Amino acid sequence: MSIARLAFENRDTLLQLKISGNWLISSGIYSRQEFSRTIETNAQIKEVAIIVEEDTQWDSGLISFLLKFIRECEYKKISVQRQNLPDKIQKMLNLALRVQERNIVRETQNLTTLEQIGDLAYNSSRSFKIWMDFLGEIAIAFKRFVTGKAYFRSHEFWGIVQRCGVESLPLVSLISILVGIILAFVAVIQLKMFGAESFVADIVGISMVRVLSAIMAGILMAGRIGASFAAELGLMESNEEIDAFKTLGVSPVEFLVLPRVLAMLLMMPVLTVYADVMGILGGLLGSVGMMKINPMEYLDHTQNAIKMSYVWIGLIHSVVFAILIAVSGCLRGMYCQRTAAGVGAAATSAVVTGITGIVIATAIITFICQVIGI
Amino acid sequence: MGQEKTSAIRVENLTIGYGDRTILKNLNFTVNRGDIFIIMGPSGCGKSTLLKSLIGLNPPWAGRVFFGAESFWEKEEDERQVLMRKFGVLYQGGALWSSLTLKENVALPLQLYTNLPAAKIQAEVDLRLSLVGLDGYDDFYPSEISGGMRKRAGLARAIALNPEVIFFDEPSAGLDPVSAQHLDELILQLRDAMGATIIIVTHELASIFAVGSNSIFLDAETRTITAGGRPQELLETSKDPKVIEFLTRGKKQGVSS
């Protein structure tokens with residue numbers, strides 16, 4: 001296969017550029033360095049004539065080379081003779097070199113550090129205001145729901161409940177059982193040193209019921225449901241469906257967000273209690289399997305260790321997480337940019353916000369529990 | 001025209017923008033009742049942004065929009081929402097609610113804002129879907145029908161509450177020429193049948209000349225209205241080179257004779 005060939009012929013102020021060989025895009029990009037060097041060493045050159053030999057194989061690879069070459073000549077105030085080029089090449093170059101109707105000016109901002117801090121502070125306060133407004137709208141919609149004024153499509157609500165609840169059960173089961181087994185395994189290794197293996201049930205039971213089940217269910221729901229809420233509402237925003245609600249005088253929060261928040265509020269505590277049971281079952285499997293602990297003894301220890309207050313703490317976690325996941329998912333969706341990337345970013349952001357919120361909320365609730373001594 | 005018409009919409013000194021960018025400024029125009037009013041201009045001139053300010057989605061920076069005698073943006077939100085029920089909007093892609101069937105899409109405004117019994121609502125929905133040529137598609141979801149059908153279904157929803165004003169955002173966009181012509185004919189028939197005022201945001205010349213009874217031209221550089229009038233008259237009499245270039249698809253440029 002022939003290669004791209006470029007020959008220079010210097011005739012006083014005129015430089016002849018002879019192009020031959022293979023100039024197909026598949027054969028790679030030809031460097032303009034040789035030309036640049038020739039120009040620099042021959043300052044008298046004022047004109048360049050381009051000649052494309054008859055046997056030259058070319059496609060857009062040659063056009064892109066010539067385009068850059070011509071622009072470099074223009075920059076160096078060297079005129080280019082193009083009249084001898086084959087007709088097709090001339091037409092392509094004419095198209096590429098036609099004068100743009102409008103100069104595109106991209107606004108660039110070079111912010112100082114202080115301005116960047118100010119920008120960050122402004123955006124943070126704006127973001128906070130958006131969150132508060134959104135929560136306010138949900139509260140208004142909830143009040144209308146309670147007083148029977150809200151437009152509420154129950155079959156759509158139950159569909160969301162099914163997605164949040166029943167369809168999440170297999171994943172919640174798997175993760176909770178595995179967490180229970182892992183917890184039992186880690187605890188048993190430590191407790192064995194003190195001959196207190198039977199207390200593994202206390203550790204697994206208390207950890208799962210107080211906080212771990214809610215956290216695991218929360219993280220799963222943030223990934224599964226929070227992201228889907230954001231993507232659904234984001235797509236609706238892109239398709240102007242949310243605008244259509246607004247121009248009809250219907251609150252999109254009441255129609256779209258409220259059922260999602262209520263479905264999460266209903267299902268998160270249920271999933272948390274279910275995860276409690278699965279986690280304890282996992283702990284039992286781990287303890288019995290590895291340490292040959294008597295199952296009845298394990299269950300007896302679990303029953304004695306878990307207080308009702310722990311169950312309530314777990315349920316409080318789950319309610320807070322439900323609000324965080326549903327609100328962040330819906331908010332990101334409703335405020336998403338109207339592009340495919342915008343919908344993707346909304347889903348990602350919903351998950352990140354949801355999980356971050358879960359961790360922060362856990363820390364706060366744990367601290368409060370410590371302070372009030374439960 | 002020899003007879004005085006009352007205005008359906010009047011815009012006074014309207015300035016609109018996003019963030020810190022002015023999109024359009026000092027807009028003044030009147031849409032008479034029964035008009036098919038075209039808002040035209042090149043891409044990026046702010047046509048859709050203006051539409052959003054007219055339908056209550058984008059508050060203006062300055063100026064006023066009157067629906068009849070009511071200053072739209074100076075009303076409280078509740079009152080504004082009542083006014084909004086007097087108009088229907090056909091969005092560019094139809095904007096049908098994807099989780100609802102066509103029947104449910106058209107029925108929703110009736111369920112929300114009328115006390116009609118279910119059987120009567122069903123009859124009204126059937127009528128609307130028949131008017132746009134979609135009878136028999138009641139139980140289809142938006143994802144199950146073509147783009148052109150989605151627009152017609154969107155139109156059926158837009159006319160659900162017998163609006164006084166119907167807004168169309170780029171109705172011909174994405175349609176083949178025959179479907180676009182059918183939609184134009186439908187717009188004319190609806191105007192005649194319902195007596196509604198119609199406002200269309202478009203840059204499709206065929207539609208502009210086929211249906212437009214009045215128009216404004218938005219200029220992307222000056223960010224304001226640079227011409228107004230019946231589209232055919234604008235083509236014949238305008239001396240604005242941008243208007244001529246736009247209305248002749250760039251075939252004629254410069255000052256007309």
# chains A, B, ... in the order shown; residues from 1 in each chain; ligands from 1

$ interface_residues --of "chain B" --to "chain A" --cutoff "12 Å" --atoms "only C-alpha atoms" --output "number ranges by chain"
B: 21, 51-58, 77-100, 104-106, 108-113, 142, 150, 154-155, 157-161, 163, 166-167, 169, 220-221

$ residues_around --residues "A:Ile206" --least-positions-apart "6" --cutoff "12 Å" --atoms "only C-alpha atoms" --output "number ranges by chain"
A: 180, 183-184, 199-200, 212-213, 276-277, 279-280, 283, 301-311, 313-314

$ write_last_selection --atoms "N, CA and C atoms" --output "tab-separated table (two decimals), in the first residue's frame"
chain	number	residue	atom	x	y	z
A	180	GLY	N	-25.89	-10.06	58.00
A	180	GLY	CA	-26.04	-10.81	59.26
A	180	GLY	C	-24.94	-11.85	59.41
A	183	LEU	N	-21.54	-10.08	59.97
A	183	LEU	CA	-21.50	-9.52	61.32
A	183	LEU	C	-21.25	-10.62	62.35
A	184	ALA	N	-21.96	-11.72	62.18
A	184	ALA	CA	-21.80	-12.85	63.11
A	184	ALA	C	-20.37	-13.39	63.04
A	199	PHE	N	-22.83	-14.55	72.91
A	199	PHE	CA	-23.29	-13.16	72.83
A	199	PHE	C	-23.31	-12.61	71.40
A	200	VAL	N	-22.91	-13.45	70.46
A	200	VAL	CA	-22.94	-13.02	69.05
A	200	VAL	C	-24.38	-12.63	68.66
A	212	LEU	N	-28.46	-1.02	61.44
A	212	LEU	CA	-27.90	-1.57	60.20
A	212	LEU	C	-28.96	-1.94	59.15
A	213	SER	N	-30.06	-2.50	59.58
A	213	SER	CA	-31.11	-2.88	58.63
A	213	SER	C	-31.63	-1.66	57.89
A	276	ASP	N	-34.55	-6.58	59.34
A	276	ASP	CA	-34.21	-6.99	60.71
A	276	ASP	C	-34.28	-8.52	60.81
A	277	VAL	N	-35.41	-9.04	60.36
A	277	VAL	CA	-35.64	-10.49	60.46
A	277	VAL	C	-34.60	-11.24	59.63
A	279	GLY	N	-31.66	-10.21	58.67
A	279	GLY	CA	-30.32	-10.03	59.25
A	279	GLY	C	-30.10	-10.98	60.43
A	280	ILE	N	-31.12	-11.08	61.28
A	280	ILE	CA	-31.03	-11.98	62.43
A	280	ILE	C	-30.92	-13.42	61.94
A	283	GLY	N	-27.45	-13.96	60.81
A	283	GLY	CA	-26.59	-14.14	61.98
A	283	GLY	C	-26.70	-15.55	62.54
A	301	HIS	N	-31.07	-15.51	73.17
A	301	HIS	CA	-30.22	-14.33	73.40
A	301	HIS	C	-30.75	-13.14	72.62
A	302	THR	N	-31.17	-13.40	71.37
A	302	THR	CA	-31.69	-12.31	70.51
A	302	THR	C	-32.92	-11.68	71.16
A	303	GLN	N	-33.83	-12.54	71.63
A	303	GLN	CA	-35.07	-12.06	72.23
A	303	GLN	C	-34.79	-11.20	73.46
A	304	ASN	N	-33.81	-11.64	74.26
A	304	ASN	CA	-33.49	-10.90	75.48
A	304	ASN	C	-32.77	-9.59	75.18
A	305	ALA	N	-31.98	-9.57	74.08
A	305	ALA	CA	-31.15	-8.39	73.80
A	305	ALA	C	-31.94	-7.24	73.19
A	306	ILE	N	-32.90	-7.59	72.35
A	306	ILE	CA	-33.59	-6.53	71.60
A	306	ILE	C	-34.72	-5.93	72.43
A	307	LYS	N	-34.59	-4.61	72.68
A	307	LYS	CA	-35.67	-3.91	73.39
A	307	LYS	C	-36.58	-3.26	72.35
A	308	MET	N	-37.78	-2.96	72.79
A	308	MET	CA	-38.73	-2.33	71.85
A	308	MET	C	-38.22	-0.97	71.38
A	309	SER	N	-37.49	-0.28	72.31
A	309	SER	CA	-36.97	1.05	71.93
A	309	SER	C	-36.03	0.94	70.73
A	310	TYR	N	-35.29	-0.17	70.64
A	310	TYR	CA	-34.36	-0.35	69.51
A	310	TYR	C	-35.15	-0.46	68.20
A	311	VAL	N	-36.27	-1.15	68.29
A	311	VAL	CA	-37.11	-1.29	67.08
A	311	VAL	C	-37.61	0.09	66.63
A	313	ILE	N	-36.17	2.95	67.24
A	313	ILE	CA	-35.04	3.73	66.70
A	313	ILE	C	-34.81	3.33	65.23
A	314	GLY	N	-34.86	2.03	64.98
A	314	GLY	CA	-34.70	1.55	63.60
A	314	GLY	C	-35.79	2.11	62.70

$ select_by_dssp --residues "stretch 53-251 of chain B" --states "strand (DSSP E or B)" --output "number ranges by chain"
B: 62-67, 70-71, 87-90, 165-169, 197-201, 214-219, 224-228

$ residues_around --residues "A:Ile325" --least-positions-apart "2" --cutoff "12 Å" --atoms "only C-alpha atoms" --output "MDAnalysis selection string"
chainID A and resid 164 215 217:230 257 260:265 268 318:323 327:332 347 349:359 361

$ write_last_selection --atoms "C-alpha atoms" --output "short mmCIF file (atom, residue, chain, number, x, y, z; two decimals), in the first residue's frame"
data_model
loop_
_atom_site.label_atom_id
_atom_site.label_comp_id
_atom_site.auth_asym_id
_atom_site.auth_seq_id
_atom_site.Cartn_x
_atom_site.Cartn_y
_atom_site.Cartn_z
CA CYS A 164 -40.66 0.14 46.28
CA ILE A 215 -29.04 1.69 56.56
CA ALA A 217 -32.40 -0.98 53.13
CA GLY A 218 -31.85 2.77 52.71
CA ILE A 219 -28.76 2.37 50.55
CA LEU A 220 -30.49 -0.23 48.41
CA MET A 221 -33.55 1.95 47.98
CA ALA A 222 -31.43 5.02 47.18
CA GLY A 223 -29.78 3.05 44.37
CA ARG A 224 -32.89 1.27 43.15
CA ILE A 225 -35.75 3.67 43.74
CA GLY A 226 -34.15 7.11 44.26
CA ALA A 227 -32.35 6.82 40.92
CA SER A 228 -35.48 5.61 39.16
CA PHE A 229 -37.55 8.50 40.57
CA ALA A 230 -34.92 10.97 39.33
CA VAL A 257 -43.95 13.67 43.96
CA ARG A 260 -43.68 8.65 45.48
CA VAL A 261 -42.91 10.13 48.90
CA LEU A 262 -45.93 8.40 50.46
CA ALA A 263 -45.03 5.05 48.86
CA MET A 264 -41.50 5.31 50.25
CA LEU A 265 -42.81 6.34 53.68
CA MET A 268 -39.25 1.80 54.06
CA SER A 318 -36.24 4.24 58.12
CA VAL A 319 -38.79 7.08 58.03
CA VAL A 320 -36.05 9.72 57.83
CA PHE A 321 -34.26 7.75 55.09
CA ALA A 322 -37.52 7.34 53.15
CA ILE A 323 -38.03 11.10 53.09
CA VAL A 327 -37.28 13.85 48.08
CA SER A 328 -33.75 13.85 46.68
CA GLY A 329 -34.79 11.54 43.81
CA CYS A 330 -37.84 13.63 42.89
CA LEU A 331 -36.04 16.96 43.36
CA ARG A 332 -33.12 15.96 41.13
CA ALA A 347 -30.09 9.87 38.60
CA SER A 349 -26.97 12.91 41.88
CA ALA A 350 -30.10 11.42 43.47
CA VAL A 351 -28.15 8.33 44.58
CA VAL A 352 -25.20 10.35 45.88
CA THR A 353 -27.48 12.79 47.73
CA GLY A 354 -29.57 9.93 49.12
CA ILE A 355 -26.62 7.93 50.44
CA THR A 356 -24.82 10.99 51.81
CA GLY A 357 -28.04 12.03 53.50
CA ILE A 358 -28.46 8.57 55.01
CA VAL A 359 -24.98 8.64 56.54
CA ALA A 361 -28.86 11.42 59.27
#

$ residues_around --residues "B:Ser207" --least-positions-apart "3" --cutoff "12 Å" --atoms "only C-alpha atoms" --output "compact mmCIF listing (two decimals) with all heavy atoms, in the first residue's frame"
# COMPACT_ATOMS: atom_id res chain seq x y z
N ILE B 36 -55.17 33.93 14.06
CA ILE B 36 -54.13 32.89 14.14
C ILE B 36 -52.82 33.67 14.06
O ILE B 36 -52.43 34.17 13.01
CB ILE B 36 -54.25 31.86 13.00
CG1 ILE B 36 -55.59 31.13 13.12
CG2 ILE B 36 -53.09 30.87 13.07
CD1 ILE B 36 -55.79 29.99 12.14
N PHE B 37 -52.23 33.83 15.20
CA PHE B 37 -51.11 34.75 15.36
C PHE B 37 -49.80 33.97 15.36
O PHE B 37 -49.63 33.04 16.15
CB PHE B 37 -51.29 35.49 16.69
CG PHE B 37 -50.36 36.65 16.88
CD1 PHE B 37 -50.70 37.92 16.43
CD2 PHE B 37 -49.14 36.47 17.49
CE1 PHE B 37 -49.85 38.99 16.61
CE2 PHE B 37 -48.27 37.54 17.67
CZ PHE B 37 -48.63 38.80 17.23
N ILE B 38 -48.90 34.36 14.49
CA ILE B 38 -47.63 33.64 14.36
C ILE B 38 -46.51 34.41 15.05
O ILE B 38 -46.34 35.61 14.81
CB ILE B 38 -47.25 33.46 12.87
CG1 ILE B 38 -48.42 32.91 12.06
CG2 ILE B 38 -45.99 32.60 12.74
CD1 ILE B 38 -48.70 31.45 12.20
N ILE B 39 -45.79 33.72 15.93
CA ILE B 39 -44.55 34.29 16.49
C ILE B 39 -43.43 33.60 15.74
O ILE B 39 -43.22 32.40 15.87
CB ILE B 39 -44.45 34.04 18.00
CG1 ILE B 39 -45.61 34.73 18.72
CG2 ILE B 39 -43.11 34.53 18.54
CD1 ILE B 39 -45.73 34.37 20.19
N MET B 40 -42.74 34.36 14.87
CA MET B 40 -41.72 33.72 14.03
C MET B 40 -40.37 34.40 14.21
O MET B 40 -40.27 35.50 14.75
CB MET B 40 -42.16 33.76 12.57
CG MET B 40 -42.37 35.13 12.01
SD MET B 40 -42.93 35.03 10.30
CE MET B 40 -43.39 36.72 9.98
N PHE B 168 -49.53 26.94 20.31
CA PHE B 168 -48.84 25.83 19.64
C PHE B 168 -47.35 26.14 19.63
O PHE B 168 -46.94 27.19 19.14
CB PHE B 168 -49.30 25.69 18.19
CG PHE B 168 -50.72 25.21 18.04
CD1 PHE B 168 -51.79 26.08 18.24
CD2 PHE B 168 -50.98 23.91 17.66
CE1 PHE B 168 -53.09 25.64 18.09
CE2 PHE B 168 -52.28 23.47 17.51
CZ PHE B 168 -53.34 24.34 17.73
N GLU B 170 -44.08 25.13 17.92
CA GLU B 170 -43.51 24.43 16.75
C GLU B 170 -44.37 23.22 16.37
O GLU B 170 -43.90 22.08 16.41
CB GLU B 170 -42.08 23.94 17.07
CG GLU B 170 -41.14 25.01 17.57
CD GLU B 170 -40.47 25.79 16.44
OE1 GLU B 170 -40.87 25.61 15.28
OE2 GLU B 170 -39.59 26.59 16.74
N PRO B 171 -45.62 23.44 15.97
CA PRO B 171 -46.49 22.28 15.70
C PRO B 171 -46.00 21.38 14.57
O PRO B 171 -46.25 20.18 14.60
CB PRO B 171 -47.84 22.93 15.34
CG PRO B 171 -47.53 24.32 14.97
CD PRO B 171 -46.32 24.71 15.73
N SER B 172 -45.31 21.95 13.58
CA SER B 172 -44.90 21.12 12.43
C SER B 172 -43.57 20.42 12.66
O SER B 172 -43.17 19.59 11.83
CB SER B 172 -44.76 21.99 11.18
OG SER B 172 -45.83 22.85 11.07
N ALA B 173 -42.87 20.77 13.74
CA ALA B 173 -41.53 20.20 13.95
C ALA B 173 -41.59 18.68 14.01
O ALA B 173 -42.41 18.11 14.72
CB ALA B 173 -40.93 20.76 15.24
N LEU B 175 -42.58 16.62 11.77
CA LEU B 175 -43.65 15.97 11.01
C LEU B 175 -43.29 15.97 9.53
O LEU B 175 -42.65 16.90 9.02
CB LEU B 175 -44.97 16.71 11.20
CG LEU B 175 -45.60 16.71 12.59
CD1 LEU B 175 -46.95 17.40 12.53
CD2 LEU B 175 -45.77 15.30 13.12
N PRO B 177 -44.21 16.42 5.50
CA PRO B 177 -44.99 17.54 4.93
C PRO B 177 -46.50 17.29 4.92
O PRO B 177 -47.28 18.21 5.18
CB PRO B 177 -44.46 17.64 3.50
CG PRO B 177 -43.12 17.03 3.53
CD PRO B 177 -43.15 15.98 4.59
N VAL B 178 -46.90 16.05 4.66
CA VAL B 178 -48.34 15.77 4.58
C VAL B 178 -48.97 15.89 5.97
O VAL B 178 -50.01 16.53 6.16
CB VAL B 178 -48.59 14.36 3.99
CG1 VAL B 178 -50.08 14.04 3.98
CG2 VAL B 178 -48.02 14.28 2.58
N SER B 179 -48.31 15.29 6.98
CA SER B 179 -48.83 15.38 8.35
C SER B 179 -48.86 16.83 8.81
O SER B 179 -49.81 17.26 9.49
CB SER B 179 -47.97 14.57 9.32
OG SER B 179 -47.90 13.24 8.91
N ALA B 180 -47.82 17.60 8.43
CA ALA B 180 -47.76 19.01 8.83
C ALA B 180 -48.93 19.77 8.21
O ALA B 180 -49.56 20.60 8.87
CB ALA B 180 -46.43 19.62 8.39
N GLN B 181 -49.23 19.44 6.93
CA GLN B 181 -50.35 20.12 6.27
C GLN B 181 -51.67 19.75 6.93
O GLN B 181 -52.54 20.60 7.13
CB GLN B 181 -50.36 19.75 4.80
CG GLN B 181 -51.24 20.71 3.97
CD GLN B 181 -51.70 20.07 2.69
OE1 GLN B 181 -51.04 19.19 2.15
NE2 GLN B 181 -52.85 20.50 2.19
N HIS B 182 -51.80 18.48 7.30
CA HIS B 182 -53.03 18.04 7.98
C HIS B 182 -53.20 18.78 9.30
O HIS B 182 -54.31 19.18 9.66
CB HIS B 182 -53.01 16.53 8.22
CG HIS B 182 -53.26 15.74 6.97
ND1 HIS B 182 -52.98 14.40 6.85
CD2 HIS B 182 -53.75 16.11 5.77
CE1 HIS B 182 -53.30 14.00 5.64
NE2 HIS B 182 -53.77 15.01 4.96
N LEU B 183 -52.09 18.97 9.99
CA LEU B 183 -52.15 19.68 11.27
C LEU B 183 -52.56 21.14 11.04
O LEU B 183 -53.37 21.70 11.81
CB LEU B 183 -50.81 19.59 11.99
CG LEU B 183 -50.81 20.01 13.45
CD1 LEU B 183 -51.74 19.14 14.28
CD2 LEU B 183 -49.40 19.92 14.04
N ASP B 184 -52.01 21.75 10.00
CA ASP B 184 -52.40 23.13 9.66
C ASP B 184 -53.90 23.22 9.40
O ASP B 184 -54.58 24.14 9.88
CB ASP B 184 -51.64 23.62 8.42
CG ASP B 184 -50.17 23.88 8.70
OD1 ASP B 184 -49.83 23.99 9.89
OD2 ASP B 184 -49.39 23.98 7.75
N GLU B 185 -54.40 22.25 8.62
CA GLU B 185 -55.84 22.25 8.32
C GLU B 185 -56.66 22.09 9.59
O GLU B 185 -57.69 22.75 9.77
CB GLU B 185 -56.17 21.10 7.34
CG GLU B 185 -55.75 21.43 5.91
CD GLU B 185 -55.76 20.20 5.01
OE1 GLU B 185 -56.27 19.15 5.44
OE2 GLU B 185 -55.22 20.30 3.89
N LEU B 186 -56.16 21.22 10.47
CA LEU B 186 -56.84 20.99 11.75
C LEU B 186 -56.89 22.27 12.58
O LEU B 186 -57.91 22.59 13.20
CB LEU B 186 -56.10 19.88 12.50
CG LEU B 186 -56.76 19.29 13.72
CD1 LEU B 186 -58.10 18.69 13.36
CD2 LEU B 186 -55.88 18.20 14.32
N ILE B 187 -55.79 23.02 12.55
CA ILE B 187 -55.73 24.29 13.30
C ILE B 187 -56.80 25.25 12.77
O ILE B 187 -57.54 25.88 13.54
CB ILE B 187 -54.32 24.91 13.20
CG1 ILE B 187 -53.32 24.06 13.99
CG2 ILE B 187 -54.31 26.35 13.70
CD1 ILE B 187 -51.86 24.43 13.76
N LEU B 188 -56.88 25.36 11.44
CA LEU B 188 -57.88 26.25 10.84
C LEU B 188 -59.29 25.81 11.19
O LEU B 188 -60.15 26.64 11.55
CB LEU B 188 -57.71 26.26 9.31
CG LEU B 188 -56.51 27.07 8.78
CD1 LEU B 188 -56.29 26.77 7.31
CD2 LEU B 188 -56.73 28.55 8.99
N ILE B 200 -49.21 30.64 17.42
CA ILE B 200 -48.29 29.58 16.99
C ILE B 200 -46.87 30.11 16.97
O ILE B 200 -46.60 31.15 16.38
CB ILE B 200 -48.66 29.08 15.57
CG1 ILE B 200 -50.13 28.64 15.52
CG2 ILE B 200 -47.75 27.96 15.13
CD1 ILE B 200 -50.62 28.25 14.13
N VAL B 201 -45.99 29.39 17.64
CA VAL B 201 -44.56 29.69 17.57
C VAL B 201 -43.97 28.75 16.52
O VAL B 201 -44.08 27.53 16.66
CB VAL B 201 -43.90 29.44 18.94
CG1 VAL B 201 -42.40 29.38 18.81
CG2 VAL B 201 -44.30 30.50 19.93
N THR B 202 -43.43 29.32 15.48
CA THR B 202 -42.90 28.44 14.43
C THR B 202 -41.90 29.16 13.54
O THR B 202 -41.84 30.40 13.54
CB THR B 202 -44.05 27.87 13.55
OG1 THR B 202 -43.53 26.92 12.64
CG2 THR B 202 -44.77 28.97 12.78
N HIS B 203 -41.13 28.38 12.81
CA HIS B 203 -40.34 28.98 11.74
C HIS B 203 -40.57 28.21 10.43
O HIS B 203 -39.80 28.32 9.50
CB HIS B 203 -38.86 29.06 12.10
CG HIS B 203 -38.28 27.78 12.60
ND1 HIS B 203 -37.30 27.72 13.54
CD2 HIS B 203 -38.56 26.51 12.30
CE1 HIS B 203 -37.01 26.47 13.79
NE2 HIS B 203 -37.75 25.72 13.05
N GLU B 204 -41.65 27.41 10.41
CA GLU B 204 -42.01 26.66 9.20
C GLU B 204 -42.78 27.58 8.25
O GLU B 204 -43.93 27.94 8.52
CB GLU B 204 -42.87 25.46 9.58
CG GLU B 204 -42.15 24.40 10.36
CD GLU B 204 -41.18 23.60 9.48
OE1 GLU B 204 -41.43 23.48 8.27
OE2 GLU B 204 -40.18 23.11 10.03
N ALA B 210 -49.75 29.41 5.37
CA ALA B 210 -51.01 28.67 5.24
C ALA B 210 -52.05 29.11 6.26
O ALA B 210 -53.23 29.19 5.94
CB ALA B 210 -50.75 27.17 5.37
N VAL B 211 -51.61 29.39 7.48
CA VAL B 211 -52.61 29.64 8.53
C VAL B 211 -52.55 31.03 9.16
O VAL B 211 -53.53 31.48 9.74
CB VAL B 211 -52.50 28.57 9.66
CG1 VAL B 211 -52.73 27.19 9.13
CG2 VAL B 211 -51.16 28.66 10.39
N GLY B 212 -51.42 31.70 9.04
CA GLY B 212 -51.22 32.94 9.80
C GLY B 212 -52.10 34.09 9.34
O GLY B 212 -52.14 34.41 8.16
N SER B 213 -52.82 34.72 10.29
CA SER B 213 -53.59 35.91 9.94
C SER B 213 -52.90 37.17 10.47
O SER B 213 -53.22 38.28 10.07
CB SER B 213 -55.00 35.82 10.50
OG SER B 213 -54.97 35.75 11.91
N PRO B 231 -48.49 37.64 7.40
CA PRO B 231 -47.26 37.12 6.81
C PRO B 231 -47.10 37.41 5.32
O PRO B 231 -46.03 37.82 4.87
CB PRO B 231 -47.35 35.61 7.07
CG PRO B 231 -48.21 35.49 8.28
CD PRO B 231 -49.18 36.61 8.19
N GLN B 232 -48.19 37.25 4.55
CA GLN B 232 -48.11 37.49 3.11
C GLN B 232 -47.79 38.96 2.82
O GLN B 232 -46.98 39.27 1.94
CB GLN B 232 -49.43 37.08 2.45
CG GLN B 232 -49.37 36.96 0.94
CD GLN B 232 -48.37 35.93 0.45
OE1 GLN B 232 -48.27 34.85 1.02
NE2 GLN B 232 -47.60 36.28 -0.58
N LEU B 247 -38.41 35.02 5.23
CA LEU B 247 -39.65 34.60 4.57
C LEU B 247 -39.43 34.02 3.18
O LEU B 247 -40.34 33.43 2.60
CB LEU B 247 -40.62 35.78 4.49
CG LEU B 247 -41.23 36.24 5.82
CD1 LEU B 247 -42.08 37.48 5.65
CD2 LEU B 247 -42.04 35.13 6.47

$ residues_around --residues "B:Thr226" --least-positions-apart "6" --cutoff "8 Å" --atoms "only C-alpha atoms" --output "list of chain:residue names"
B:Ile216, B:Phe217, B:Leu218, B:Asp219, B:Asp240

$ residues_around --residues "stretch 114-130 of chain A" --least-positions-apart "3" --cutoff "12 Å" --atoms "only C-alpha atoms" --output "list in words"
Gln109, Asn110, Leu111, Asp133, Phe134, Leu135, Gly136, Glu137, Val327, Ser328, Leu331, Arg332, Met334 and Tyr335 of chain A

$ atom_distance --atom1 "atom CA of A:Met278" --atom2 "atom CA of A:Val186"
17.6 Å

$ atom_distance --atom1 "atom CA of B:Pro241" --atom2 "atom CA of B:Gly229"
15.7 Å

$ atom_distance --atom1 "atom CA of A:Lys76" --atom2 "atom CA of A:Gly21"
27.2 Å

$ residues_around --residues "stretch 85-98 of chain A" --least-positions-apart "6" --cutoff "7 Å" --atoms "only C-alpha atoms" --output "PyMOL selection string"
chain A and resi 50-52+63+67
